[in-house]
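Dropping work-v4.txt in here (compact mmCIF, C-alpha atoms):
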# COMPACT_ATOMS: atom_id res chain seq x y z
CA MET A 1 -24.59 -106.31 98.84
CA VAL A 2 -26.42 -103.47 100.54
CA ASP A 3 -28.77 -104.16 103.42
CA ARG A 4 -31.88 -102.24 102.35
CA GLY A 5 -33.98 -103.29 105.33
CA SER A 6 -31.89 -101.41 107.88
CA HIS A 7 -31.83 -98.33 105.66
CA PHE A 8 -35.63 -98.43 105.41
CA GLN A 9 -35.98 -98.69 109.18
CA GLN A 10 -33.58 -95.81 109.67
CA THR A 11 -35.59 -93.64 107.23
CA ASN A 12 -38.80 -94.36 109.14
CA GLU A 13 -37.12 -93.34 112.40
CA ASP A 14 -35.96 -90.06 110.82
CA HIS A 15 -39.56 -89.16 109.96
CA GLY A 16 -40.88 -89.87 113.43
CA ASP A 17 -41.14 -86.15 114.27
CA SER A 18 -43.25 -85.35 111.21
CA LYS A 19 -45.58 -88.26 112.05
CA GLU A 20 -46.15 -86.79 115.52
CA THR A 21 -46.90 -83.36 114.01
CA ILE A 22 -49.40 -84.87 111.59
CA ASP A 23 -51.03 -86.79 114.44
CA LYS A 24 -51.39 -83.54 116.42
CA LEU A 25 -53.03 -81.77 113.48
CA VAL A 26 -55.38 -84.65 112.75
CA LYS A 27 -56.45 -84.91 116.39
CA GLY A 28 -57.25 -81.18 116.41
CA THR A 29 -54.45 -79.89 118.60
CA SER A 30 -52.75 -77.20 116.54
CA PRO A 31 -49.60 -75.37 117.57
CA LEU A 32 -50.14 -72.22 119.60
CA TRP A 33 -49.14 -69.85 116.78
CA ILE A 34 -51.76 -71.36 114.44
CA GLN A 35 -54.43 -71.06 117.14
CA LEU A 36 -53.41 -67.41 117.65
CA ILE A 37 -53.69 -66.63 113.93
CA ILE A 38 -57.11 -68.29 113.77
CA LEU A 39 -58.26 -66.31 116.82
CA LEU A 40 -57.06 -63.02 115.28
CA LEU A 41 -58.83 -63.79 111.99
CA ARG A 42 -62.07 -64.68 113.75
CA ALA A 43 -61.92 -61.44 115.78
CA TRP A 44 -61.19 -59.41 112.63
CA PHE A 45 -64.13 -60.94 110.72
CA PHE A 46 -66.48 -60.43 113.68
CA ILE A 47 -65.55 -56.73 113.94
CA TYR A 48 -65.84 -56.34 110.16
CA ASP A 49 -69.32 -57.91 110.19
CA CYS A 50 -70.45 -55.65 113.05
CA LEU A 51 -69.20 -52.49 111.31
CA ASN A 52 -70.79 -53.37 107.97
CA TYR A 53 -74.17 -54.65 109.11
CA ILE A 54 -75.72 -51.28 110.05
CA PRO A 55 -74.70 -49.43 106.84
CA TYR A 56 -75.88 -52.42 104.82
CA GLU A 57 -79.30 -52.32 106.46
CA LEU A 58 -79.57 -48.54 106.05
CA PHE A 59 -78.43 -48.18 102.45
CA ASN A 60 -79.28 -51.55 100.93
CA SER A 61 -82.57 -52.46 102.51
CA PRO A 62 -83.56 -56.00 101.52
CA THR A 63 -87.29 -55.18 101.86
CA ALA A 64 -87.06 -52.28 99.39
CA LYS A 65 -85.04 -54.44 97.02
CA LEU A 66 -87.68 -57.18 97.26
CA LYS A 67 -90.46 -54.70 96.44
CA ARG A 68 -88.54 -53.43 93.40
CA SER A 69 -87.93 -56.97 92.17
CA GLU A 70 -91.60 -58.00 92.51
CA ARG A 71 -93.04 -55.06 90.54
CA ILE A 72 -94.08 -55.42 86.90
CA LYS A 73 -91.20 -54.21 84.77
CA ALA A 74 -92.38 -54.97 81.22
CA ARG A 75 -95.55 -55.81 79.32
CA PRO A 76 -96.28 -57.04 75.80
CA ILE A 77 -97.39 -54.42 73.26
CA LYS A 78 -100.54 -56.30 72.15
CA GLY A 79 -100.29 -59.98 73.06
CA PRO A 80 -97.81 -62.45 74.50
CA ASP A 81 -96.32 -63.13 71.03
CA ASN A 82 -95.57 -59.45 70.42
CA PRO A 83 -92.49 -57.55 71.58
CA TRP A 84 -92.36 -56.47 75.19
CA ILE A 85 -91.75 -52.89 76.27
CA ASN A 86 -90.57 -51.38 79.53
CA VAL A 87 -93.46 -50.17 81.70
CA ASP A 88 -91.57 -47.01 82.64
CA GLY A 89 -90.83 -46.23 78.99
CA PRO A 90 -87.41 -46.23 77.39
CA LEU A 91 -84.78 -45.59 80.00
CA THR A 92 -82.30 -43.77 77.77
CA GLU A 93 -81.82 -43.29 74.08
CA ASP A 94 -78.21 -42.43 73.41
CA PHE A 95 -78.67 -42.21 69.65
CA PRO A 96 -81.89 -40.61 68.35
CA GLY A 97 -84.04 -43.02 66.35
CA VAL A 98 -81.97 -46.06 67.34
CA ASP A 99 -84.34 -48.18 69.41
CA THR A 100 -83.35 -51.77 68.53
CA VAL A 101 -80.11 -53.70 68.69
CA ASP A 102 -80.13 -54.17 64.91
CA LYS A 103 -80.46 -50.42 64.34
CA LEU A 104 -77.71 -49.80 66.88
CA PHE A 105 -75.32 -52.19 65.14
CA THR A 106 -76.07 -50.65 61.74
CA TYR A 107 -75.57 -47.14 63.15
CA VAL A 108 -72.26 -48.02 64.80
CA ALA A 109 -71.01 -49.88 61.71
CA LYS A 110 -71.67 -46.75 59.61
CA LEU A 111 -70.24 -44.44 62.27
CA TYR A 112 -66.96 -46.37 62.51
CA ASP A 113 -66.74 -47.54 58.90
CA ASP A 114 -63.02 -46.77 58.67
CA LYS A 115 -62.08 -48.78 61.79
CA PRO A 116 -60.76 -52.34 61.35
CA ALA A 117 -63.14 -53.97 63.86
CA LEU A 118 -66.45 -52.58 62.55
CA GLY A 119 -67.85 -51.47 59.22
CA THR A 120 -67.96 -53.21 55.87
CA ARG A 121 -65.06 -54.48 53.82
CA GLU A 122 -64.57 -55.55 50.25
CA LEU A 123 -64.87 -59.30 49.68
CA LEU A 124 -61.64 -60.42 48.06
CA GLU A 125 -62.21 -64.11 47.39
CA VAL A 126 -64.54 -66.99 48.27
CA TYR A 127 -63.15 -70.46 48.92
CA GLU A 128 -65.34 -73.51 48.34
CA GLU A 129 -63.86 -76.58 50.02
CA LYS A 130 -65.47 -79.98 49.88
CA GLN A 131 -65.57 -81.41 53.37
CA THR A 132 -64.88 -85.05 54.19
CA ASN A 133 -68.50 -85.61 55.25
CA GLY A 134 -69.93 -84.21 52.01
Would you mind writing the file's structure down as structure tokens?
Amino acid sequence: MVDRGSHFQQTNEDHGDSKETIDKLVKGTSPLWIQLIILLLRAWFFIYDCLNYIPYELFNSPTAKLKRSERIKARPIKGPDNPWINVDGPLTEDFPGVDTVDKLFTYVAKLYDDKPALGTRELLEVYEEKQTNG
């Protein structure tokens, strides 16, 4: 018969070093090399923040962005139930006469009729299956 109790006690003694390491980490005392890495990272992020703050304020002014976001960008054509249009007018019109999404899809489907992803295809067969729920 094997004495399992002594083996269990021996295994616990073998892991005594790892328990001490875990206790150090939980208490907040990290090894010196970890503290050094954390210090280097904190210094790097501080320098990075300092170098990026001034260009951010110069080129991406939050006050100008706030003014642009608060302005009126669109209005209804006649009433609130009608379509809305951009106050500044259409921004770009890549295809002349194509001013809605439906017209754009129709235009592109005709333009790329021979491509497999767009266009129209011949209907070969229709399957009618009765589903289990009726």
Close residues, segment 63-72 of chain A itself excluded, 12 Å, only C-alpha atoms, min 4 positions apart in chain, as number ranges by chain: A: 57-59, 76, 84-88
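Interatomic distance, atom CA of Ile77 of chain A against atom CA of Asp94 of chain A: 22.6 Å.
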Nearby residues (all atoms listed in the file) at most 12 Å from Phe95 of chain A, same-chain spacing under 6 positions excluded, as an MDAnalysis selection string: chainID A and resid 101 103:108 111
Completion of segment 77-97 of chain A up to N, CA and C atoms, as a tab-separated table (two decimals), keeping the file's coordinate frame:
chain	number	residue	atom	x	y	z
A	77	ILE	N	-96.72	-55.53	73.93
A	77	ILE	CA	-97.39	-54.42	73.26
A	77	ILE	C	-98.86	-54.75	73.01
A	78	LYS	N	-99.14	-55.91	72.41
A	78	LYS	CA	-100.54	-56.30	72.15
A	78	LYS	C	-100.87	-57.65	72.77
A	79	GLY	N	-100.05	-58.64	72.55
A	79	GLY	CA	-100.29	-59.98	73.06
A	79	GLY	C	-98.97	-60.61	73.48
A	80	PRO	N	-99.04	-61.82	74.00
A	80	PRO	CA	-97.81	-62.45	74.50
A	80	PRO	C	-96.79	-62.77	73.40
A	81	ASP	N	-97.25	-62.85	72.13
A	81	ASP	CA	-96.32	-63.13	71.03
A	81	ASP	C	-95.66	-61.87	70.50
A	82	ASN	N	-96.12	-60.72	70.92
A	82	ASN	CA	-95.57	-59.45	70.42
A	82	ASN	C	-94.37	-59.02	71.26
A	83	PRO	N	-93.63	-58.05	70.79
A	83	PRO	CA	-92.49	-57.55	71.58
A	83	PRO	C	-92.95	-56.94	72.90
A	84	TRP	N	-92.08	-57.02	73.87
A	84	TRP	CA	-92.36	-56.47	75.19
A	84	TRP	C	-91.68	-55.11	75.31
A	85	ILE	N	-92.33	-54.21	76.05
A	85	ILE	CA	-91.75	-52.89	76.27
A	85	ILE	C	-91.66	-52.63	77.77
A	86	ASN	N	-90.76	-51.76	78.14
A	86	ASN	CA	-90.57	-51.38	79.53
A	86	ASN	C	-91.79	-50.57	79.99
A	87	VAL	N	-92.29	-50.87	81.17
A	87	VAL	CA	-93.46	-50.17	81.70
A	87	VAL	C	-93.16	-48.69	81.93
A	88	ASP	N	-91.95	-48.39	82.36
A	88	ASP	CA	-91.57	-47.01	82.64
A	88	ASP	C	-91.18	-46.24	81.38
A	89	GLY	N	-91.26	-46.87	80.23
A	89	GLY	CA	-90.83	-46.23	78.99
A	89	GLY	C	-89.35	-46.47	78.76
A	90	PRO	N	-88.84	-46.02	77.63
A	90	PRO	CA	-87.41	-46.23	77.39
A	90	PRO	C	-86.57	-45.50	78.44
A	91	LEU	N	-85.59	-46.19	78.94
A	91	LEU	CA	-84.78	-45.59	80.00
A	91	LEU	C	-83.89	-44.49	79.44
A	92	THR	N	-83.12	-44.79	78.43
A	92	THR	CA	-82.30	-43.77	77.77
A	92	THR	C	-82.23	-44.10	76.29
A	93	GLU	N	-82.03	-43.10	75.51
A	93	GLU	CA	-81.82	-43.29	74.08
A	93	GLU	C	-80.59	-42.47	73.71
A	94	ASP	N	-79.47	-43.13	73.67
A	94	ASP	CA	-78.21	-42.43	73.41
A	94	ASP	C	-78.12	-41.89	71.99
A	95	PHE	N	-78.70	-42.63	71.05
A	95	PHE	CA	-78.67	-42.21	69.65
A	95	PHE	C	-80.11	-42.04	69.18
A	96	PRO	N	-80.50	-40.85	68.75
A	96	PRO	CA	-81.89	-40.61	68.35
A	96	PRO	C	-82.32	-41.53	67.20
A	97	GLY	N	-83.49	-42.14	67.37
A	97	GLY	CA	-84.04	-43.02	66.35
A	97	GLY	C	-83.49	-44.44	66.38
